[in-house]
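Coordinates from target_24.cif are shown below (mmCIF, C-alpha atoms and all ligand atoms).
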data_run
#
loop_
_atom_site.group_PDB
_atom_site.id
_atom_site.type_symbol
_atom_site.label_atom_id
_atom_site.label_comp_id
_atom_site.auth_asym_id
_atom_site.auth_seq_id
_atom_site.Cartn_x
_atom_site.Cartn_y
_atom_site.Cartn_z
ATOM 1 C CA MET A 166 -271.547 43.804 -39.160
ATOM 2 C CA ARG A 167 -274.657 45.929 -38.757
ATOM 3 C CA ILE A 168 -273.969 49.515 -39.796
ATOM 4 C CA VAL A 169 -276.405 52.193 -38.702
ATOM 5 C CA ILE A 170 -275.942 55.693 -40.106
ATOM 6 C CA GLN A 171 -277.697 58.311 -38.006
ATOM 7 C CA PRO A 172 -278.305 61.956 -38.907
ATOM 8 C CA ASP A 173 -276.235 63.407 -36.051
ATOM 9 C CA ALA A 174 -274.422 62.780 -32.776
ATOM 10 C CA ALA A 175 -277.601 63.152 -30.724
ATOM 11 C CA ALA A 176 -279.253 60.318 -32.674
ATOM 12 C CA VAL A 177 -276.135 58.148 -32.197
ATOM 13 C CA ALA A 178 -276.352 58.756 -28.437
ATOM 14 C CA THR A 179 -280.061 57.885 -28.342
ATOM 15 C CA PHE A 180 -279.518 54.687 -30.330
ATOM 16 C CA ALA A 181 -276.631 53.582 -28.082
ATOM 17 C CA ALA A 182 -278.537 54.316 -24.875
ATOM 18 C CA MET A 183 -281.518 52.301 -26.144
ATOM 19 C CA GLU A 184 -279.276 49.339 -26.977
ATOM 20 C CA ILE A 185 -277.764 49.388 -23.488
ATOM 21 C CA ALA A 186 -281.171 49.798 -21.841
ATOM 22 C CA ASN A 187 -282.618 46.918 -23.889
ATOM 23 C CA GLN A 188 -279.690 44.713 -22.890
ATOM 24 C CA VAL A 189 -280.280 45.450 -19.193
ATOM 25 C CA LYS A 190 -284.047 45.001 -19.503
ATOM 26 C CA SER A 191 -283.673 41.613 -21.184
ATOM 27 C CA LYS A 192 -280.990 40.489 -18.695
ATOM 28 C CA PRO A 193 -281.023 42.496 -15.434
ATOM 29 C CA SER A 194 -277.763 40.848 -14.317
ATOM 30 C CA SER A 195 -275.952 41.878 -17.503
ATOM 31 C CA CYS A 196 -272.244 42.425 -17.571
ATOM 32 C CA LEU A 197 -271.643 45.653 -19.511
ATOM 33 C CA GLY A 198 -268.329 46.704 -21.018
ATOM 34 C CA LEU A 199 -268.057 50.486 -20.944
ATOM 35 C CA ALA A 200 -265.951 53.089 -22.708
ATOM 36 C CA THR A 201 -264.676 56.589 -22.004
ATOM 37 C CA GLY A 202 -263.780 59.555 -24.227
ATOM 38 C CA GLY A 203 -265.930 62.337 -25.616
ATOM 39 C CA THR A 204 -268.164 60.128 -27.773
ATOM 40 C CA PRO A 205 -269.955 58.057 -25.074
ATOM 41 C CA VAL A 206 -270.826 61.099 -22.927
ATOM 42 C CA GLY A 207 -274.059 61.752 -24.869
ATOM 43 C CA ALA A 208 -275.009 58.066 -24.691
ATOM 44 C CA TYR A 209 -274.532 58.041 -20.910
ATOM 45 C CA ARG A 210 -276.558 61.251 -20.573
ATOM 46 C CA GLU A 211 -279.363 59.654 -22.573
ATOM 47 C CA LEU A 212 -279.125 56.428 -20.542
ATOM 48 C CA ILE A 213 -279.505 58.441 -17.323
ATOM 49 C CA ARG A 214 -282.537 60.169 -18.835
ATOM 50 C CA LEU A 215 -284.034 56.760 -19.716
ATOM 51 C CA TYR A 216 -283.267 55.480 -16.209
ATOM 52 C CA LYS A 217 -285.296 58.347 -14.792
ATOM 53 C CA SER A 218 -288.201 57.863 -17.172
ATOM 54 C CA ILE A 219 -288.705 54.098 -17.617
ATOM 55 C CA PRO A 220 -288.714 51.167 -15.181
ATOM 56 C CA ILE A 221 -285.129 49.927 -15.403
ATOM 57 C CA SER A 222 -282.637 48.995 -12.712
ATOM 58 C CA PHE A 223 -278.865 48.562 -12.769
ATOM 59 C CA ALA A 224 -278.822 47.085 -9.255
ATOM 60 C CA ASN A 225 -277.705 43.663 -10.537
ATOM 61 C CA VAL A 226 -275.495 44.858 -13.383
ATOM 62 C CA ASN A 227 -271.701 44.577 -13.341
ATOM 63 C CA THR A 228 -269.583 46.850 -15.511
ATOM 64 C CA PHE A 229 -266.027 46.619 -16.814
ATOM 65 C CA ASN A 230 -264.325 49.620 -18.323
ATOM 66 C CA LEU A 231 -261.947 49.175 -21.199
ATOM 67 C CA ASP A 232 -258.950 51.026 -19.848
ATOM 68 C CA GLU A 233 -257.265 53.379 -17.386
ATOM 69 C CA TYR A 234 -254.204 55.614 -17.526
ATOM 70 C CA VAL A 235 -251.142 54.229 -15.778
ATOM 71 C CA GLY A 236 -250.157 56.303 -12.769
ATOM 72 C CA LEU A 237 -253.486 58.063 -12.229
ATOM 73 C CA ALA A 238 -255.165 57.333 -8.904
ATOM 74 C CA ALA A 239 -258.944 56.808 -8.934
ATOM 75 C CA GLU A 240 -259.439 60.293 -7.440
ATOM 76 C CA HIS A 241 -257.384 62.049 -10.142
ATOM 77 C CA PRO A 242 -259.664 64.461 -12.060
ATOM 78 C CA CYS A 243 -258.610 62.911 -15.391
ATOM 79 C CA SER A 244 -258.853 59.244 -14.351
ATOM 80 C CA TYR A 245 -261.331 57.124 -16.236
ATOM 81 C CA ARG A 246 -262.705 55.919 -12.881
ATOM 82 C CA ARG A 247 -263.592 59.504 -12.036
ATOM 83 C CA PHE A 248 -265.041 60.007 -15.544
ATOM 84 C CA MET A 249 -267.329 57.000 -15.130
ATOM 85 C CA ASN A 250 -268.472 57.955 -11.638
ATOM 86 C CA GLU A 251 -269.335 61.476 -12.774
ATOM 87 C CA ASN A 252 -270.820 60.698 -16.180
ATOM 88 C CA LEU A 253 -272.825 57.605 -15.283
ATOM 89 C CA PHE A 254 -272.446 55.626 -12.076
ATOM 90 C CA GLN A 255 -273.480 58.292 -9.575
ATOM 91 C CA HIS A 256 -276.685 58.958 -11.535
ATOM 92 C CA ILE A 257 -278.045 55.373 -11.628
ATOM 93 C CA ASP A 258 -278.723 52.683 -9.023
ATOM 94 C CA ILE A 259 -275.589 50.596 -9.666
ATOM 95 C CA PRO A 260 -273.598 49.752 -6.515
ATOM 96 C CA LEU A 261 -270.069 51.139 -7.064
ATOM 97 C CA GLU A 262 -268.555 47.810 -5.980
ATOM 98 C CA GLN A 263 -270.115 46.254 -9.107
ATOM 99 C CA THR A 264 -268.273 48.718 -11.355
ATOM 100 C CA PHE A 265 -264.745 47.800 -12.391
ATOM 101 C CA VAL A 266 -262.126 50.063 -13.934
ATOM 102 C CA PRO A 267 -258.489 48.922 -14.093
ATOM 103 C CA ILE A 268 -256.479 50.369 -11.196
ATOM 104 C CA GLY A 269 -253.970 52.669 -12.883
ATOM 105 C CA ASP A 270 -251.774 53.092 -9.812
ATOM 106 C CA ALA A 271 -251.801 49.431 -8.713
ATOM 107 C CA GLY A 272 -248.620 48.250 -6.972
ATOM 108 C CA SER A 273 -248.254 45.542 -9.607
ATOM 109 C CA LEU A 274 -249.618 46.612 -12.988
ATOM 110 C CA HIS A 275 -249.088 43.120 -14.389
ATOM 111 C CA GLY A 276 -250.960 41.621 -11.418
ATOM 112 C CA GLU A 277 -253.800 44.096 -11.955
ATOM 113 C CA CYS A 278 -254.080 43.078 -15.633
ATOM 114 C CA LEU A 279 -254.271 39.381 -14.756
ATOM 115 C CA ALA A 280 -256.790 40.045 -11.981
ATOM 116 C CA TYR A 281 -258.950 42.130 -14.341
ATOM 117 C CA GLU A 282 -259.130 39.307 -16.881
ATOM 118 C CA GLU A 283 -259.963 36.847 -14.112
ATOM 119 C CA ARG A 284 -262.720 39.104 -12.748
ATOM 120 C CA ILE A 285 -264.341 39.352 -16.197
ATOM 121 C CA ARG A 286 -264.215 35.559 -16.497
ATOM 122 C CA SER A 287 -265.549 34.932 -12.997
ATOM 123 C CA LEU A 288 -268.558 37.180 -13.631
ATOM 124 C CA GLY A 289 -269.471 35.227 -16.758
ATOM 125 C CA GLY A 290 -267.977 37.441 -19.472
ATOM 126 C CA ILE A 291 -269.210 40.657 -21.047
ATOM 127 C CA ASP A 292 -272.667 40.666 -22.642
ATOM 128 C CA LEU A 293 -272.482 44.014 -24.419
ATOM 129 C CA GLN A 294 -269.276 45.973 -24.963
ATOM 130 C CA LEU A 295 -269.545 49.664 -25.839
ATOM 131 C CA LEU A 296 -266.610 50.975 -27.886
ATOM 132 C CA GLY A 297 -265.415 54.275 -29.277
ATOM 133 C CA ILE A 298 -262.661 54.503 -31.862
ATOM 134 C CA GLY A 299 -259.455 56.526 -31.973
ATOM 135 C CA SER A 300 -258.672 58.633 -35.042
ATOM 136 C CA ASP A 301 -255.962 56.061 -35.898
ATOM 137 C CA GLY A 302 -258.422 53.167 -35.560
ATOM 138 C CA HIS A 303 -257.496 52.117 -32.028
ATOM 139 C CA ILE A 304 -260.092 50.525 -29.760
ATOM 140 C CA ALA A 305 -259.721 50.912 -25.993
ATOM 141 C CA PHE A 306 -255.985 51.729 -25.871
ATOM 142 C CA ASN A 307 -254.979 49.013 -28.328
ATOM 143 C CA GLU A 308 -252.757 51.142 -30.504
ATOM 144 C CA PRO A 309 -251.917 50.244 -34.123
ATOM 145 C CA GLY A 310 -249.757 47.122 -34.132
ATOM 146 C CA SER A 311 -251.486 45.569 -31.130
ATOM 147 C CA SER A 312 -251.806 41.814 -31.441
ATOM 148 C CA LEU A 313 -255.266 40.779 -32.555
ATOM 149 C CA ALA A 314 -255.085 38.152 -29.785
ATOM 150 C CA SER A 315 -253.908 40.572 -27.065
ATOM 151 C CA ARG A 316 -255.220 40.397 -23.509
ATOM 152 C CA THR A 317 -255.434 43.046 -20.781
ATOM 153 C CA ARG A 318 -251.986 44.580 -20.422
ATOM 154 C CA VAL A 319 -250.019 47.820 -20.239
ATOM 155 C CA LYS A 320 -249.741 49.567 -23.603
ATOM 156 C CA THR A 321 -247.626 52.596 -24.522
ATOM 157 C CA LEU A 322 -249.744 55.385 -26.021
ATOM 158 C CA THR A 323 -248.871 56.871 -29.404
ATOM 159 C CA GLN A 324 -248.137 60.561 -29.746
ATOM 160 C CA LEU A 325 -251.367 60.923 -31.779
ATOM 161 C CA THR A 326 -253.492 59.419 -29.006
ATOM 162 C CA ARG A 327 -251.812 61.612 -26.381
ATOM 163 C CA THR A 328 -252.417 64.677 -28.574
ATOM 164 C CA ASP A 329 -256.079 63.693 -29.197
ATOM 165 C CA ASN A 330 -256.655 63.171 -25.466
ATOM 166 C CA ALA A 331 -254.718 66.264 -24.318
ATOM 167 C CA ARG A 332 -258.000 68.240 -24.346
ATOM 168 C CA PHE A 333 -259.024 66.462 -21.137
ATOM 169 C CA PHE A 334 -255.797 67.549 -19.384
ATOM 170 C CA ASP A 335 -254.213 70.962 -18.712
ATOM 171 C CA SER A 336 -251.378 70.220 -21.127
ATOM 172 C CA ILE A 337 -250.055 67.378 -23.285
ATOM 173 C CA GLU A 338 -247.169 66.828 -20.847
ATOM 174 C CA GLN A 339 -249.732 65.732 -18.274
ATOM 175 C CA VAL A 340 -251.201 62.990 -20.489
ATOM 176 C CA PRO A 341 -249.776 59.682 -19.210
ATOM 177 C CA LYS A 342 -247.512 57.791 -21.586
ATOM 178 C CA SER A 343 -249.128 54.414 -20.997
ATOM 179 C CA ALA A 344 -252.372 52.782 -19.989
ATOM 180 C CA ILE A 345 -253.829 49.494 -18.824
ATOM 181 C CA THR A 346 -256.154 48.307 -21.563
ATOM 182 C CA MET A 347 -258.311 45.291 -22.280
ATOM 183 C CA GLY A 348 -256.749 43.476 -25.211
ATOM 184 C CA ILE A 349 -258.302 42.966 -28.619
ATOM 185 C CA GLY A 350 -258.709 39.273 -27.779
ATOM 186 C CA THR A 351 -260.492 40.254 -24.556
ATOM 187 C CA ILE A 352 -262.843 42.622 -26.397
ATOM 188 C CA LEU A 353 -263.646 40.048 -29.093
ATOM 189 C CA GLU A 354 -264.855 37.627 -26.404
ATOM 190 C CA SER A 355 -267.767 39.960 -25.569
ATOM 191 C CA ARG A 356 -271.071 38.466 -26.702
ATOM 192 C CA SER A 357 -271.999 41.628 -28.574
ATOM 193 C CA ILE A 358 -270.247 44.869 -29.435
ATOM 194 C CA LEU A 359 -271.607 48.358 -30.046
ATOM 195 C CA LEU A 360 -269.161 50.809 -31.588
ATOM 196 C CA ILE A 361 -270.116 54.475 -31.773
ATOM 197 C CA ALA A 362 -268.319 57.226 -33.688
ATOM 198 C CA CYS A 363 -269.123 60.829 -34.520
ATOM 199 C CA GLY A 364 -267.499 63.596 -36.529
ATOM 200 C CA ALA A 365 -265.324 63.923 -39.612
ATOM 201 C CA GLY A 366 -262.191 63.109 -37.597
ATOM 202 C CA LYS A 367 -263.364 59.479 -37.370
ATOM 203 C CA ALA A 368 -264.374 59.036 -41.036
ATOM 204 C CA ASP A 369 -261.078 57.496 -42.245
ATOM 205 C CA ALA A 370 -260.809 55.136 -39.273
ATOM 206 C CA ILE A 371 -264.417 53.975 -39.685
ATOM 207 C CA ALA A 372 -264.028 53.373 -43.426
ATOM 208 C CA ALA A 373 -260.834 51.392 -42.858
ATOM 209 C CA ALA A 374 -262.343 49.388 -39.993
ATOM 210 C CA VAL A 375 -265.387 48.356 -42.023
ATOM 211 C CA GLU A 376 -264.135 48.196 -45.596
ATOM 212 C CA GLY A 377 -260.366 47.849 -45.262
ATOM 213 C CA PRO A 378 -258.333 44.697 -44.756
ATOM 214 C CA LEU A 379 -258.208 42.946 -41.400
ATOM 215 C CA SER A 380 -254.968 44.200 -39.922
ATOM 216 C CA ALA A 381 -253.239 44.789 -36.607
ATOM 217 C CA ALA A 382 -252.273 48.138 -38.147
ATOM 218 C CA LEU A 383 -255.898 49.184 -37.659
ATOM 219 C CA PRO A 384 -257.149 47.558 -34.440
ATOM 220 C CA ALA A 385 -260.844 48.292 -35.085
ATOM 221 C CA SER A 386 -260.698 46.138 -38.237
ATOM 222 C CA SER A 387 -260.523 43.168 -35.832
ATOM 223 C CA LEU A 388 -264.275 43.650 -35.317
ATOM 224 C CA GLN A 389 -264.735 42.074 -38.758
ATOM 225 C CA LEU A 390 -264.034 38.766 -36.976
ATOM 226 C CA HIS A 391 -266.873 39.186 -34.485
ATOM 227 C CA PRO A 392 -270.331 37.762 -35.260
ATOM 228 C CA CYS A 393 -272.369 40.403 -33.432
ATOM 229 C CA VAL A 394 -271.156 43.962 -33.975
ATOM 230 C CA THR A 395 -273.337 47.037 -34.418
ATOM 231 C CA LEU A 396 -271.571 50.159 -35.607
ATOM 232 C CA VAL A 397 -273.484 53.405 -35.139
ATOM 233 C CA VAL A 398 -272.116 56.542 -36.776
ATOM 234 C CA ASP A 399 -273.290 60.028 -37.638
ATOM 235 C CA GLN A 400 -273.215 61.335 -41.234
ATOM 236 C CA ALA A 401 -269.783 62.916 -40.819
ATOM 237 C CA ALA A 402 -268.163 59.731 -39.490
ATOM 238 C CA ALA A 403 -269.881 57.719 -42.271
ATOM 239 C CA ALA A 404 -268.526 59.956 -45.039
ATOM 240 C CA GLY A 405 -265.528 57.760 -45.934
ATOM 241 C CA MET A 406 -267.436 54.495 -46.423
ATOM 242 C CA LYS A 407 -267.806 53.521 -50.089
ATOM 243 C CA ARG A 408 -270.815 51.267 -49.513
ATOM 244 C CA ALA A 409 -272.801 53.697 -47.337
ATOM 245 C CA ASP A 410 -275.810 53.469 -49.697
ATOM 246 C CA TYR A 411 -275.895 49.710 -49.246
ATOM 247 C CA TYR A 412 -275.750 50.047 -45.429
ATOM 248 C CA ARG A 413 -278.671 52.507 -45.531
ATOM 249 C CA MET A 414 -280.604 50.121 -47.760
ATOM 250 C CA SER A 415 -279.892 47.216 -45.396
ATOM 251 C CA GLU A 416 -281.263 49.167 -42.449
ATOM 252 C CA ALA A 417 -284.411 50.062 -44.422
ATOM 253 C CA GLU A 418 -284.870 46.396 -45.352
ATOM 254 C CA ARG A 419 -284.306 45.346 -41.758
ATOM 255 C CA ALA A 420 -287.015 47.789 -40.609
ATOM 256 C CA ARG A 421 -289.361 46.488 -43.334
ATOM 257 C CA LEU A 422 -288.828 42.857 -42.249
ATOM 258 C CA GLU A 423 -289.479 43.788 -38.628
ATOM 259 C CA GLN A 424 -292.911 45.107 -39.647
ATOM 260 C CA LEU A 425 -293.959 41.761 -41.191
HETATM 261 C C1 LIG B 501 -259.422 57.041 -25.897
HETATM 262 C C2 LIG B 501 -260.095 55.818 -25.291
HETATM 263 C C3 LIG B 501 -260.868 55.057 -26.349
HETATM 264 C C4 LIG B 501 -261.765 56.003 -27.121
HETATM 265 C C5 LIG B 501 -260.910 57.043 -27.816
HETATM 266 C C6 LIG B 501 -261.715 58.029 -28.657
HETATM 267 O O1 LIG B 501 -258.252 56.737 -26.553
HETATM 268 N N1 LIG B 501 -259.153 54.942 -24.681
HETATM 269 O O2 LIG B 501 -261.653 54.062 -25.707
HETATM 270 O O3 LIG B 501 -262.512 55.285 -28.080
HETATM 271 O O4 LIG B 501 -260.249 57.767 -26.776
HETATM 272 O O5 LIG B 501 -262.255 59.000 -27.827
HETATM 273 P P1 LIG B 501 -263.225 60.146 -28.249
HETATM 274 O O6 LIG B 501 -264.582 59.589 -28.122
HETATM 275 O O7 LIG B 501 -262.981 61.223 -27.228
HETATM 276 O O8 LIG B 501 -262.872 60.564 -29.625
#
Structure re-expressed in structure tokens:
Amino acid sequence: MRIVIQPDAAAVATFAAMEIANQVKSKPSSCLGLATGGTPVGAYRELIRLYKSIPISFANVNTFNLDEYVGLAAEHPCSYRRFMNENLFQHIDIPLEQTFVPIGDAGSLHGECLAYEERIRSLGGIDLQLLGIGSDGHIAFNEPGSSLASRTRVKTLTQLTRTDNARFFDSIEQVPKSAITMGIGTILESRSILLIACGAGKADAIAAAVEGPLSAALPASSLQLHPCVTLVVDQAAAAGMKRADYYRMSEAERARLEQL
């Protein structure tokens, strides 16, 4: 796992946007896996800024979002579809029909989950998956205890996740109790993964994901199984890692080798 410790959230956003832009530049028909939540907002803002300042096109890109709340229609102000349209898609040249977010109010939720998996497969799989992390170590909406082999399905949200996400709603009662989420097995099939985390509230989860045991109790620890993960954190989110000095040294050595 490559661990990059940045001075602050702005630097995390810049790093993430550059990674996504480089992926699209090297493969214009990339399939991107995208995330929602507070953390990726800065990265999307920076990606939009890059889009306006360098020659890059998303016209041939397909995107798959990690998850969507069950019961929320696309037009709902708190739906992840709406979040993505407003924070990214409407600012770049990606055709909306190439952007996929699970349909939270589908007639058959099970059918939607199967169709989502099939769509990812039929478009060749995800090249780069962007991830955030929940304060309890969840990725997408794979709550603690999720099978490490899980596929896209409906998952009940924990009280902690509903409380953490209540800030996007008028009240906690309005936060849906379940969501459609890509599974951990689905996420691990991505060719590369970029996890971003900022703030002291993520420090314990990050330390456990990187340095703790591999366990379904902490879904992000499953990334230890993946051969191509980059984890980008700010100082506050890095504070719980015991080997932070080593990770800083590794990045310095990596930069030195790149100069040769
Ligand atoms: C939600 C999303 C996750 C995200 C997490 C953390 O639970 N389903 O994909 O990583 O929130 O979000 P934030 O970045 O707002 O802390």
Fill in: Separation of CA of Arg167 in chain A from CA of Glu423 in chain A, in Å and rounded to one decimal
15.0 Å
Worksheet item: Pick the closest to Ala175 in chain A from A:Ala368, A:Val266, A:Leu274, A:Cys363: which is it, counting only C-alpha atoms?
Response: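 Smallest separation from Ala175 in chain A among the options: A:Cys363.
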Discussion item. Taking all atoms listed in the file into account, list the residues no farther than 8 Å from ligand LIG 501 (chain B), as a VMD selection string.
Written reply: chain A and resid 200 to 205 231 to 233 296 to 300 303 to 306 326 329 to 330 346 362 to 363 367
Using C-alpha atoms, can you write the selected residues to a file as a CSV table (one decimal), in the coordinates of the input?
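Written out: again-v7.csv:
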chain,number,residue,atom,x,y,z
A,200,ALA,CA,-266.0,53.1,-22.7
A,201,THR,CA,-264.7,56.6,-22.0
A,202,GLY,CA,-263.8,59.6,-24.2
A,203,GLY,CA,-265.9,62.3,-25.6
A,204,THR,CA,-268.2,60.1,-27.8
A,205,PRO,CA,-270.0,58.1,-25.1
A,231,LEU,CA,-261.9,49.2,-21.2
A,232,ASP,CA,-259.0,51.0,-19.8
A,233,GLU,CA,-257.3,53.4,-17.4
A,296,LEU,CA,-266.6,51.0,-27.9
A,297,GLY,CA,-265.4,54.3,-29.3
A,298,ILE,CA,-262.7,54.5,-31.9
A,299,GLY,CA,-259.5,56.5,-32.0
A,300,SER,CA,-258.7,58.6,-35.0
A,303,HIS,CA,-257.5,52.1,-32.0
A,304,ILE,CA,-260.1,50.5,-29.8
A,305,ALA,CA,-259.7,50.9,-26.0
A,306,PHE,CA,-256.0,51.7,-25.9
A,326,THR,CA,-253.5,59.4,-29.0
A,329,ASP,CA,-256.1,63.7,-29.2
A,330,ASN,CA,-256.7,63.2,-25.5
A,346,THR,CA,-256.2,48.3,-21.6
A,362,ALA,CA,-268.3,57.2,-33.7
A,363,CYS,CA,-269.1,60.8,-34.5
A,367,LYS,CA,-263.4,59.5,-37.4
Discussion item. For the PyMOL selection byres (((chain A and resi 246-251) around 9) and not hetatm), applied here, can you spell out every residue it catches as a list in words?
Written reply: Leu199, Ala200, Thr201, Gly202, Asn230, Glu233, Ala238, Ala239, Glu240, His241, Pro242, Cys243, Ser244, Tyr245, Asn252, Leu253, Phe254, Gln255, His256, Leu261, Phe265, Val266, Pro267 and Ile268 of chain A
Worksheet item: So how many Å separate CA of Lys407 in chain A and CA of Ala372 in chain A, to one decimal?
Response: 7.7 Å
Fill in: Who sits within 7 Å of Val235 in chain A, all atoms listed in the file, same chain under 4 positions skipped, as a list in words
Gly269, Asp270, Pro341, Ser343, Ala344 and Ile345 of chain A
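The smallest atom-to-atom distance between Gln294 in chain A and any of A:Arg210, A:Arg356, A:His391, A:Arg413, using all atoms listed in the file, is found for A:Arg356.
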Worksheet item: What does the distance between CA of Ala314 in chain A and CA of Thr351 in chain A come to in Å, to one decimal place?
Response: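 According to the coordinates, CA of Ala314 in chain A and CA of Thr351 in chain A are separated by 7.8 Å.
Checking A:Gln424, A:Ser195, A:Leu360, A:Gly366 one by one against Val169 in chain A, counting only C-alpha atoms, you find the shortest gap at A:Leu360.
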Would you pick out the contacts of Gly405 in chain A at 10 Å or less, using only C-alpha atoms, so that residues sharing its chain but fewer than 2 positions from it are not included, and give the list as a PDB file with C-alpha atoms, keeping the file's coordinate frame?
ATOM      1  CA  ALA A 365    -265.324  63.923 -39.612  1.00  0.00           C
ATOM      2  CA  LYS A 367    -263.364  59.479 -37.370  1.00  0.00           C
ATOM      3  CA  ALA A 368    -264.374  59.036 -41.036  1.00  0.00           C
ATOM      4  CA  ASP A 369    -261.078  57.496 -42.245  1.00  0.00           C
ATOM      5  CA  ALA A 370    -260.809  55.136 -39.273  1.00  0.00           C
ATOM      6  CA  ILE A 371    -264.417  53.975 -39.685  1.00  0.00           C
ATOM      7  CA  ALA A 372    -264.028  53.373 -43.426  1.00  0.00           C
ATOM      8  CA  ALA A 373    -260.834  51.392 -42.858  1.00  0.00           C
ATOM      9  CA  GLU A 376    -264.135  48.196 -45.596  1.00  0.00           C
ATOM     10  CA  GLN A 400    -273.215  61.335 -41.234  1.00  0.00           C
ATOM     11  CA  ALA A 401    -269.783  62.916 -40.819  1.00  0.00           C
ATOM     12  CA  ALA A 402    -268.163  59.731 -39.490  1.00  0.00           C
ATOM     13  CA  ALA A 403    -269.881  57.719 -42.271  1.00  0.00           C
ATOM     14  CA  LYS A 407    -267.806  53.521 -50.089  1.00  0.00           C
ATOM     15  CA  ARG A 408    -270.815  51.267 -49.513  1.00  0.00           C
ATOM     16  CA  ALA A 409    -272.801  53.697 -47.337  1.00  0.00           C
TER      17      ALA A 409
END
Practice prompt. Enumerate, as a ChimeraX atom specification, the protein, DNA and RNA residues whose atoms approach (-254.5, 49.2, -28.7) to within 10 Å, taking into account all atoms listed in the file and the coordinate frame of the file.
Written response: /A:299,302-313,315,318-323,344-349,381-385
